[in-house]
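Participant: I'm passing along query35.cif; it holds mmCIF, N, CA and C atoms.
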```cif
data_protein
loop_
_atom_site.label_atom_id
_atom_site.label_comp_id
_atom_site.auth_asym_id
_atom_site.auth_seq_id
_atom_site.Cartn_x
_atom_site.Cartn_y
_atom_site.Cartn_z
N PRO L 304 0.82 -1.21 0.00
CA PRO L 304 0.00 0.00 0.00
C PRO L 304 0.86 1.26 0.00
N HIS L 305 0.35 2.31 -0.64
CA HIS L 305 1.12 3.55 -0.78
C HIS L 305 1.48 4.15 0.57
N LYS L 306 0.58 4.09 1.57
CA LYS L 306 0.89 4.64 2.90
C LYS L 306 2.05 3.88 3.53
N LEU L 307 2.12 2.59 3.29
CA LEU L 307 3.22 1.79 3.82
C LEU L 307 4.53 2.20 3.16
N VAL L 308 4.47 2.46 1.86
CA VAL L 308 5.66 2.93 1.14
C VAL L 308 6.15 4.24 1.76
N GLU L 309 5.25 5.16 2.04
CA GLU L 309 5.62 6.44 2.65
C GLU L 309 6.24 6.23 4.03
N ALA L 310 5.67 5.33 4.83
CA ALA L 310 6.16 5.10 6.19
C ALA L 310 7.56 4.49 6.19
N PHE L 311 7.88 3.72 5.18
CA PHE L 311 9.17 3.04 5.13
C PHE L 311 10.09 3.62 4.07
N GLN L 312 9.94 4.89 3.77
CA GLN L 312 10.72 5.51 2.70
C GLN L 312 12.22 5.37 2.91
N ALA L 313 12.71 5.57 4.13
CA ALA L 313 14.15 5.46 4.40
C ALA L 313 14.62 4.03 4.18
N THR L 314 13.84 3.06 4.62
CA THR L 314 14.19 1.66 4.43
C THR L 314 14.18 1.32 2.94
N LEU L 315 13.19 1.82 2.24
CA LEU L 315 13.10 1.56 0.81
C LEU L 315 14.27 2.21 0.07
N GLN L 316 14.73 3.35 0.54
CA GLN L 316 15.88 4.00 -0.09
C GLN L 316 17.11 3.11 0.03
N GLU L 317 17.25 2.40 1.16
CA GLU L 317 18.35 1.45 1.31
C GLU L 317 18.27 0.38 0.22
N ALA L 318 17.06 -0.07 -0.09
CA ALA L 318 16.88 -1.06 -1.16
C ALA L 318 17.34 -0.50 -2.50
N ALA L 319 17.05 0.76 -2.73
CA ALA L 319 17.44 1.39 -3.99
C ALA L 319 18.95 1.53 -4.11
N ASP L 320 19.66 1.52 -2.98
CA ASP L 320 21.12 1.65 -2.98
C ASP L 320 21.83 0.29 -2.88
N ALA L 321 21.09 -0.79 -2.83
CA ALA L 321 21.66 -2.13 -2.62
C ALA L 321 22.37 -2.64 -3.87
N ASP L 322 23.25 -3.61 -3.68
CA ASP L 322 23.92 -4.29 -4.78
C ASP L 322 23.14 -5.53 -5.23
N LEU L 323 22.33 -6.08 -4.33
CA LEU L 323 21.55 -7.28 -4.59
C LEU L 323 20.31 -7.24 -3.73
N LEU L 324 19.16 -7.61 -4.30
CA LEU L 324 17.92 -7.70 -3.55
C LEU L 324 17.50 -9.16 -3.41
N LEU L 325 17.12 -9.55 -2.20
CA LEU L 325 16.49 -10.85 -1.98
C LEU L 325 15.00 -10.59 -1.84
N HIS L 326 14.25 -11.00 -2.82
CA HIS L 326 12.80 -10.79 -2.83
C HIS L 326 12.17 -12.07 -2.28
N VAL L 327 11.85 -12.05 -0.99
CA VAL L 327 11.30 -13.23 -0.31
C VAL L 327 9.79 -13.21 -0.43
N VAL L 328 9.25 -14.33 -0.93
CA VAL L 328 7.80 -14.45 -1.09
C VAL L 328 7.32 -15.71 -0.38
N ASP L 329 6.07 -15.71 0.00
CA ASP L 329 5.42 -16.86 0.63
C ASP L 329 4.98 -17.80 -0.49
N ALA L 330 5.71 -18.91 -0.67
CA ALA L 330 5.40 -19.85 -1.75
C ALA L 330 4.02 -20.47 -1.61
N ALA L 331 3.46 -20.47 -0.41
CA ALA L 331 2.15 -21.08 -0.18
C ALA L 331 1.00 -20.09 -0.28
N SER L 332 1.31 -18.82 -0.57
CA SER L 332 0.26 -17.80 -0.62
C SER L 332 -0.63 -17.99 -1.85
N PRO L 333 -1.94 -17.89 -1.68
CA PRO L 333 -2.84 -18.00 -2.83
C PRO L 333 -2.76 -16.77 -3.75
N VAL L 334 -2.16 -15.69 -3.28
CA VAL L 334 -2.04 -14.47 -4.09
C VAL L 334 -0.57 -14.14 -4.35
N LEU L 335 0.23 -15.17 -4.47
CA LEU L 335 1.67 -15.03 -4.67
C LEU L 335 2.03 -14.12 -5.83
N GLU L 336 1.46 -14.33 -6.99
CA GLU L 336 1.81 -13.54 -8.17
C GLU L 336 1.40 -12.08 -8.02
N GLU L 337 0.26 -11.83 -7.41
CA GLU L 337 -0.17 -10.44 -7.19
C GLU L 337 0.79 -9.74 -6.23
N GLN L 338 1.23 -10.44 -5.20
CA GLN L 338 2.16 -9.86 -4.24
C GLN L 338 3.51 -9.57 -4.91
N ARG L 339 3.99 -10.50 -5.72
CA ARG L 339 5.25 -10.28 -6.43
C ARG L 339 5.14 -9.07 -7.35
N ALA L 340 4.04 -8.97 -8.07
CA ALA L 340 3.85 -7.85 -8.99
C ALA L 340 3.82 -6.52 -8.24
N GLU L 341 3.20 -6.49 -7.08
CA GLU L 341 3.14 -5.25 -6.29
C GLU L 341 4.52 -4.85 -5.80
N VAL L 342 5.32 -5.82 -5.36
CA VAL L 342 6.68 -5.50 -4.92
C VAL L 342 7.48 -4.95 -6.09
N GLU L 343 7.36 -5.56 -7.26
CA GLU L 343 8.09 -5.06 -8.43
C GLU L 343 7.64 -3.65 -8.80
N ARG L 344 6.35 -3.36 -8.64
CA ARG L 344 5.84 -2.01 -8.92
C ARG L 344 6.49 -1.01 -7.97
N VAL L 345 6.56 -1.36 -6.67
CA VAL L 345 7.17 -0.46 -5.68
C VAL L 345 8.66 -0.29 -5.97
N LEU L 346 9.35 -1.37 -6.32
CA LEU L 346 10.77 -1.27 -6.65
C LEU L 346 10.99 -0.32 -7.82
N ALA L 347 10.13 -0.39 -8.82
CA ALA L 347 10.24 0.52 -9.96
C ALA L 347 9.97 1.95 -9.52
N GLU L 348 9.00 2.13 -8.64
CA GLU L 348 8.64 3.47 -8.16
C GLU L 348 9.79 4.14 -7.41
N ILE L 349 10.58 3.35 -6.68
CA ILE L 349 11.68 3.93 -5.90
C ILE L 349 13.01 3.87 -6.64
N GLY L 350 12.98 3.43 -7.90
CA GLY L 350 14.20 3.39 -8.71
C GLY L 350 15.10 2.21 -8.43
N ALA L 351 14.54 1.11 -7.92
CA ALA L 351 15.35 -0.06 -7.58
C ALA L 351 15.09 -1.23 -8.52
N ASP L 352 14.41 -0.97 -9.63
CA ASP L 352 14.06 -2.06 -10.54
C ASP L 352 15.23 -2.53 -11.40
N HIS L 353 16.36 -1.86 -11.32
CA HIS L 353 17.54 -2.26 -12.10
C HIS L 353 18.52 -3.12 -11.29
N ILE L 354 18.27 -3.25 -9.99
CA ILE L 354 19.19 -3.95 -9.10
C ILE L 354 19.03 -5.46 -9.28
N PRO L 355 20.14 -6.20 -9.38
CA PRO L 355 20.03 -7.67 -9.47
C PRO L 355 19.21 -8.22 -8.30
N GLN L 356 18.49 -9.30 -8.59
CA GLN L 356 17.54 -9.82 -7.63
C GLN L 356 17.54 -11.34 -7.63
N ILE L 357 17.36 -11.92 -6.46
CA ILE L 357 17.11 -13.34 -6.30
C ILE L 357 15.72 -13.44 -5.67
N VAL L 358 14.83 -14.20 -6.30
CA VAL L 358 13.50 -14.40 -5.74
C VAL L 358 13.56 -15.66 -4.89
N VAL L 359 13.23 -15.51 -3.61
CA VAL L 359 13.31 -16.62 -2.67
C VAL L 359 11.89 -17.08 -2.33
N TYR L 360 11.55 -18.29 -2.78
CA TYR L 360 10.25 -18.86 -2.46
C TYR L 360 10.38 -19.59 -1.13
N ASN L 361 9.91 -18.95 -0.05
CA ASN L 361 9.98 -19.53 1.29
C ASN L 361 8.71 -20.32 1.58
N LYS L 362 8.76 -21.09 2.62
CA LYS L 362 7.62 -21.91 3.10
C LYS L 362 7.29 -23.05 2.16
N ILE L 363 8.29 -23.62 1.49
CA ILE L 363 8.01 -24.76 0.62
C ILE L 363 7.53 -25.96 1.42
N ASP L 364 7.79 -25.97 2.73
CA ASP L 364 7.30 -27.04 3.60
C ASP L 364 5.78 -27.03 3.70
N ARG L 365 5.14 -25.95 3.31
CA ARG L 365 3.68 -25.84 3.36
C ARG L 365 3.01 -26.18 2.04
N LEU L 366 3.79 -26.54 1.02
CA LEU L 366 3.23 -26.89 -0.28
C LEU L 366 2.79 -28.35 -0.31
N GLU L 367 1.80 -28.66 -1.15
CA GLU L 367 1.34 -30.04 -1.29
C GLU L 367 2.40 -30.93 -1.90
N SER L 368 3.16 -30.40 -2.85
CA SER L 368 4.25 -31.17 -3.44
C SER L 368 5.50 -30.28 -3.46
N MET L 369 6.62 -30.91 -3.21
CA MET L 369 7.89 -30.18 -3.14
C MET L 369 8.44 -29.96 -4.53
N PRO L 370 9.16 -28.86 -4.74
CA PRO L 370 9.84 -28.65 -6.02
C PRO L 370 10.93 -29.70 -6.22
N HIS L 371 11.29 -30.02 -7.50
CA HIS L 371 12.34 -31.00 -7.81
C HIS L 371 13.71 -30.37 -7.84
N ALA L 372 13.81 -29.13 -8.23
CA ALA L 372 15.10 -28.45 -8.33
C ALA L 372 15.21 -27.41 -7.21
N ALA L 373 16.42 -27.21 -6.74
CA ALA L 373 16.65 -26.25 -5.68
C ALA L 373 16.59 -24.82 -6.20
N GLN L 374 16.88 -24.63 -7.50
CA GLN L 374 16.90 -23.30 -8.09
C GLN L 374 16.52 -23.38 -9.55
N ASP L 375 15.81 -22.36 -10.03
CA ASP L 375 15.53 -22.22 -11.45
C ASP L 375 15.46 -20.72 -11.76
N LEU L 376 14.87 -20.38 -12.89
CA LEU L 376 14.71 -18.97 -13.27
C LEU L 376 13.23 -18.64 -13.35
N VAL L 377 12.89 -17.39 -13.04
CA VAL L 377 11.52 -16.92 -13.10
C VAL L 377 11.53 -15.50 -13.66
N GLU L 378 10.43 -15.10 -14.30
CA GLU L 378 10.34 -13.71 -14.79
C GLU L 378 10.33 -12.75 -13.61
N ARG L 379 11.13 -11.71 -13.73
CA ARG L 379 11.17 -10.72 -12.66
C ARG L 379 9.84 -9.99 -12.54
N HIS L 380 9.24 -9.69 -13.66
CA HIS L 380 7.95 -9.00 -13.68
C HIS L 380 6.90 -10.02 -14.08
N PRO L 381 6.19 -10.62 -13.11
CA PRO L 381 5.23 -11.67 -13.41
C PRO L 381 4.21 -11.26 -14.48
N GLY L 382 3.96 -12.17 -15.38
CA GLY L 382 2.97 -11.92 -16.42
C GLY L 382 3.49 -11.14 -17.60
N GLN L 383 4.75 -10.75 -17.58
CA GLN L 383 5.34 -9.99 -18.68
C GLN L 383 6.57 -10.75 -19.16
N SER L 384 6.77 -10.76 -20.45
CA SER L 384 8.01 -11.37 -20.92
C SER L 384 9.13 -10.39 -20.63
N GLY L 385 10.25 -10.90 -20.27
CA GLY L 385 11.34 -10.00 -19.96
C GLY L 385 12.43 -10.65 -19.16
N GLU L 386 12.99 -9.89 -18.27
CA GLU L 386 14.16 -10.31 -17.50
C GLU L 386 13.88 -11.54 -16.64
N MET L 387 14.77 -12.51 -16.75
CA MET L 387 14.70 -13.70 -15.92
C MET L 387 15.69 -13.55 -14.77
N VAL L 388 15.27 -13.95 -13.58
CA VAL L 388 16.11 -13.88 -12.39
C VAL L 388 16.08 -15.24 -11.70
N PRO L 389 17.11 -15.52 -10.88
CA PRO L 389 17.10 -16.80 -10.18
C PRO L 389 15.99 -16.87 -9.15
N ARG L 390 15.40 -18.07 -9.04
CA ARG L 390 14.41 -18.35 -8.01
C ARG L 390 14.95 -19.53 -7.21
N VAL L 391 15.00 -19.36 -5.90
CA VAL L 391 15.51 -20.39 -5.01
C VAL L 391 14.37 -20.81 -4.08
N PHE L 392 14.22 -22.12 -3.90
CA PHE L 392 13.15 -22.67 -3.06
C PHE L 392 13.71 -23.01 -1.68
N VAL L 393 13.11 -22.45 -0.63
CA VAL L 393 13.61 -22.69 0.73
C VAL L 393 12.46 -22.92 1.70
N SER L 394 12.81 -23.48 2.83
CA SER L 394 11.95 -23.50 4.01
C SER L 394 12.82 -23.01 5.15
N ALA L 395 12.63 -21.78 5.57
CA ALA L 395 13.40 -21.24 6.68
C ALA L 395 13.12 -22.04 7.95
N LEU L 396 11.90 -22.51 8.09
CA LEU L 396 11.50 -23.28 9.27
C LEU L 396 12.28 -24.59 9.37
N GLU L 397 12.41 -25.29 8.24
CA GLU L 397 13.06 -26.60 8.24
C GLU L 397 14.51 -26.54 7.74
N GLY L 398 14.95 -25.39 7.28
CA GLY L 398 16.32 -25.26 6.79
C GLY L 398 16.55 -25.81 5.40
N LEU L 399 15.51 -26.10 4.67
CA LEU L 399 15.64 -26.65 3.31
C LEU L 399 16.05 -25.57 2.32
N GLY L 400 16.98 -25.88 1.44
CA GLY L 400 17.36 -24.98 0.36
C GLY L 400 18.27 -23.84 0.74
N LEU L 401 18.64 -23.73 2.01
CA LEU L 401 19.45 -22.59 2.43
C LEU L 401 20.87 -22.65 1.86
N ASP L 402 21.42 -23.85 1.67
CA ASP L 402 22.74 -23.96 1.05
C ASP L 402 22.70 -23.43 -0.39
N THR L 403 21.63 -23.73 -1.09
CA THR L 403 21.49 -23.22 -2.46
C THR L 403 21.37 -21.71 -2.46
N LEU L 404 20.61 -21.15 -1.53
CA LEU L 404 20.47 -19.70 -1.43
C LEU L 404 21.82 -19.07 -1.13
N ARG L 405 22.56 -19.64 -0.18
CA ARG L 405 23.89 -19.10 0.13
C ARG L 405 24.80 -19.14 -1.09
N ALA L 406 24.76 -20.24 -1.85
CA ALA L 406 25.60 -20.36 -3.04
C ALA L 406 25.22 -19.31 -4.08
N CYS L 407 23.92 -19.05 -4.22
CA CYS L 407 23.45 -18.06 -5.18
C CYS L 407 23.90 -16.65 -4.77
N ILE L 408 23.81 -16.36 -3.48
CA ILE L 408 24.27 -15.05 -2.97
C ILE L 408 25.77 -14.91 -3.17
N ALA L 409 26.52 -15.98 -2.91
CA ALA L 409 27.98 -15.94 -3.09
C ALA L 409 28.33 -15.69 -4.55
N ARG L 410 27.59 -16.30 -5.47
CA ARG L 410 27.83 -16.06 -6.90
C ARG L 410 27.59 -14.60 -7.24
N ALA L 411 26.53 -14.03 -6.70
CA ALA L 411 26.24 -12.62 -6.95
C ALA L 411 27.35 -11.73 -6.39
N ALA L 412 27.81 -12.05 -5.18
CA ALA L 412 28.86 -11.25 -4.54
C ALA L 412 30.18 -11.30 -5.30
N SER L 413 30.42 -12.43 -5.97
CA SER L 413 31.67 -12.58 -6.72
C SER L 413 31.53 -12.13 -8.18
N GLY L 414 30.37 -11.59 -8.54
CA GLY L 414 30.17 -11.06 -9.88
C GLY L 414 29.84 -12.10 -10.93
N GLN L 415 29.52 -13.33 -10.52
CA GLN L 415 29.17 -14.37 -11.48
C GLN L 415 27.75 -14.18 -11.99
N ASP L 416 27.48 -14.78 -13.14
CA ASP L 416 26.16 -14.70 -13.77
C ASP L 416 25.14 -15.47 -12.94
N LEU L 417 24.12 -14.79 -12.44
CA LEU L 417 23.10 -15.43 -11.63
C LEU L 417 22.16 -16.30 -12.47
N LYS L 418 22.14 -16.10 -13.77
CA LYS L 418 21.23 -16.87 -14.62
C LYS L 418 21.80 -18.22 -15.01
N ALA L 419 23.12 -18.39 -14.84
CA ALA L 419 23.74 -19.68 -15.15
C ALA L 419 23.34 -20.68 -14.08
N PRO L 420 23.12 -21.94 -14.46
CA PRO L 420 22.76 -22.94 -13.45
C PRO L 420 23.87 -23.12 -12.43
N LEU L 421 23.48 -23.47 -11.22
CA LEU L 421 24.47 -23.77 -10.20
C LEU L 421 25.26 -25.00 -10.61
N ALA L 422 26.49 -25.11 -10.13
CA ALA L 422 27.29 -26.31 -10.38
C ALA L 422 26.53 -27.51 -9.83
N ALA L 423 26.66 -28.64 -10.49
CA ALA L 423 25.93 -29.85 -10.10
C ALA L 423 26.15 -30.18 -8.63
N ALA L 424 27.36 -30.02 -8.12
CA ALA L 424 27.65 -30.35 -6.73
C ALA L 424 26.81 -29.48 -5.79
N SER L 425 26.61 -28.22 -6.13
CA SER L 425 25.83 -27.35 -5.26
C SER L 425 24.38 -27.78 -5.21
N VAL L 426 23.82 -28.15 -6.36
CA VAL L 426 22.43 -28.58 -6.40
C VAL L 426 22.28 -29.90 -5.68
N VAL L 427 23.22 -30.84 -5.91
CA VAL L 427 23.15 -32.14 -5.26
C VAL L 427 23.24 -31.96 -3.75
N ALA L 428 24.14 -31.12 -3.28
CA ALA L 428 24.29 -30.90 -1.85
C ALA L 428 23.02 -30.31 -1.26
N ALA L 429 22.41 -29.38 -1.96
CA ALA L 429 21.18 -28.76 -1.46
C ALA L 429 20.04 -29.77 -1.45
N SER L 430 19.97 -30.61 -2.49
CA SER L 430 18.91 -31.61 -2.56
C SER L 430 19.10 -32.69 -1.51
N ALA L 431 20.33 -33.06 -1.24
CA ALA L 431 20.60 -34.09 -0.25
C ALA L 431 20.19 -33.64 1.14
N ALA L 432 20.26 -32.34 1.40
CA ALA L 432 19.89 -31.82 2.72
C ALA L 432 18.38 -31.84 2.93
N ALA L 433 17.62 -31.84 1.84
CA ALA L 433 16.17 -31.84 1.93
C ALA L 433 15.66 -33.28 1.96
N ALA L 434 14.64 -33.53 2.75
CA ALA L 434 14.09 -34.88 2.84
C ALA L 434 13.64 -35.37 1.48
N PRO L 435 12.58 -34.78 0.86
CA PRO L 435 12.30 -35.16 -0.53
C PRO L 435 13.11 -34.28 -1.47
N PRO L 436 13.42 -34.76 -2.67
CA PRO L 436 14.14 -33.91 -3.61
C PRO L 436 13.30 -32.70 -3.99
N LEU L 437 13.95 -31.60 -4.30
CA LEU L 437 13.27 -30.37 -4.68
C LEU L 437 13.04 -30.33 -6.18
N SER L 438 11.96 -29.67 -6.65
CA SER L 438 11.69 -29.52 -8.08
C SER L 438 11.03 -28.19 -8.35
N PRO L 439 11.13 -27.70 -9.61
CA PRO L 439 10.48 -26.41 -9.90
C PRO L 439 8.97 -26.50 -9.69
N LEU L 440 8.40 -25.44 -9.19
CA LEU L 440 6.96 -25.38 -9.03
C LEU L 440 6.28 -25.25 -10.37
N ALA L 441 5.13 -25.83 -10.49
CA ALA L 441 4.36 -25.67 -11.72
C ALA L 441 3.81 -24.26 -11.76
N GLY L 442 3.65 -23.73 -12.95
CA GLY L 442 3.02 -22.42 -13.05
C GLY L 442 3.97 -21.43 -13.41
#
```
Would you mind writing the file's structure down as structure tokens?

Facilitator:
Amino acid sequence: PHKLVEAFQATLQEAADADLLLHVVDAASPVLEEQRAEVERVLAEIGADHIPQIVVYNKIDRLESMPHAAQDLVERHPGQSGEMVPRVFVSALEGLGLDTLRACIARAASGQDLKAPLAAASVVAASAAAAPPLSPLAG
């Protein structure tokens, strides 16, 4: 909401000055895409839409079926063709996928291409830590 944007203007300015944004979303939310689109709208409004981003789908432990891959790519602006950004599947509650997220952040910090797939060892290590194997979400 616009009033929330006004209340957190200083915090949002920090986002506009960041080198990398972690866009954390509730993977189990029934309005996930609408929420993502609203965040992208606010990022554009504050001039932060050019900053590299990792979309973190949290709460995968609440999904009916687990993703097969620890990381894939997703459109930054839902519903529009355009820039693809990494999407990492995690459960902060259960600790699933956090190694993959750390590896993705480390790649960004070292200037590596975030769109390139993770090395097989990184994906295998992340999948081995999760009880069922992870896979991309449908949709």

Participant: Hey, what does DSSP flag as helix (DSSP H, G or I) within stretch 316-386 of chain L? Can you give it to me as a PyMOL selection string?

Facilitator: chain L and resi 316-319+335-348+363-365

Participant: L:Asn361: which residues within 6.5 Å, counting all atoms listed in the file, same-chain residues fewer than 5 positions away excluded, as a VMD selection string?

Facilitator: chain L and resid 327 to 331 391 to 395

Participant: Tell me which residues the PyMOL selection byres (((chain L and resi 374 and name CA) around 6) and name CA) grabs here, as a JSON list (two decimals) with N, CA and C atoms, in the frame of the given file.

Facilitator:
```
[["chain", "number", "residue", "atom", "x", "y", "z"],
["L", 372, "ALA", "N", 13.81, -29.13, -8.23],
["L", 372, "ALA", "CA", 15.10, -28.45, -8.33],
["L", 372, "ALA", "C", 15.21, -27.41, -7.21],
["L", 373, "ALA", "N", 16.42, -27.21, -6.74],
["L", 373, "ALA", "CA", 16.65, -26.25, -5.68],
["L", 373, "ALA", "C", 16.59, -24.82, -6.20],
["L", 375, "ASP", "N", 15.81, -22.36, -10.03],
["L", 375, "ASP", "CA", 15.53, -22.22, -11.45],
["L", 375, "ASP", "C", 15.46, -20.72, -11.76],
["L", 390, "ARG", "N", 15.40, -18.07, -9.04],
["L", 390, "ARG", "CA", 14.41, -18.35, -8.01],
["L", 390, "ARG", "C", 14.95, -19.53, -7.21],
["L", 391, "VAL", "N", 15.00, -19.36, -5.90],
["L", 391, "VAL", "CA", 15.51, -20.39, -5.01],
["L", 391, "VAL", "C", 14.37, -20.81, -4.08]]
```

Participant: Mind giving me the straight-line distance from atom N of L:Leu324 to atom CA of L:Ile357 in Å, one decimal?

Facilitator: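 Interatomic distance, atom N of L:Leu324 to atom CA of L:Ile357: 6.4 Å.
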
Participant: Quick one: distance from atom N of L:Ala321 to atom N of L:Lys362 in Å, one decimal?

Facilitator: 24.4 Å

Participant: Separation of atom N of L:Ala419 and atom C of L:Asp352, in Å?

Facilitator: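 Interatomic distance here is 18.0 Å.
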
Participant: Please provide as an NGL selection string all residues within 7 Å of stretch 337-350 of chain L, with the sequence filter that same-chain residues fewer than 5 positions apart are discarded (counting only N, CA and C atoms).

Facilitator: :L and (315 or 318-319 or 379-381)

Participant: For this file, the PyMOL selection byres (((chain L and resi 417 and name CA) around 9) and name CA) selects which residues, as a ChimeraX atom specification?

Facilitator: /L:355-357,388-389,407-408,410-411,414-416,418-421
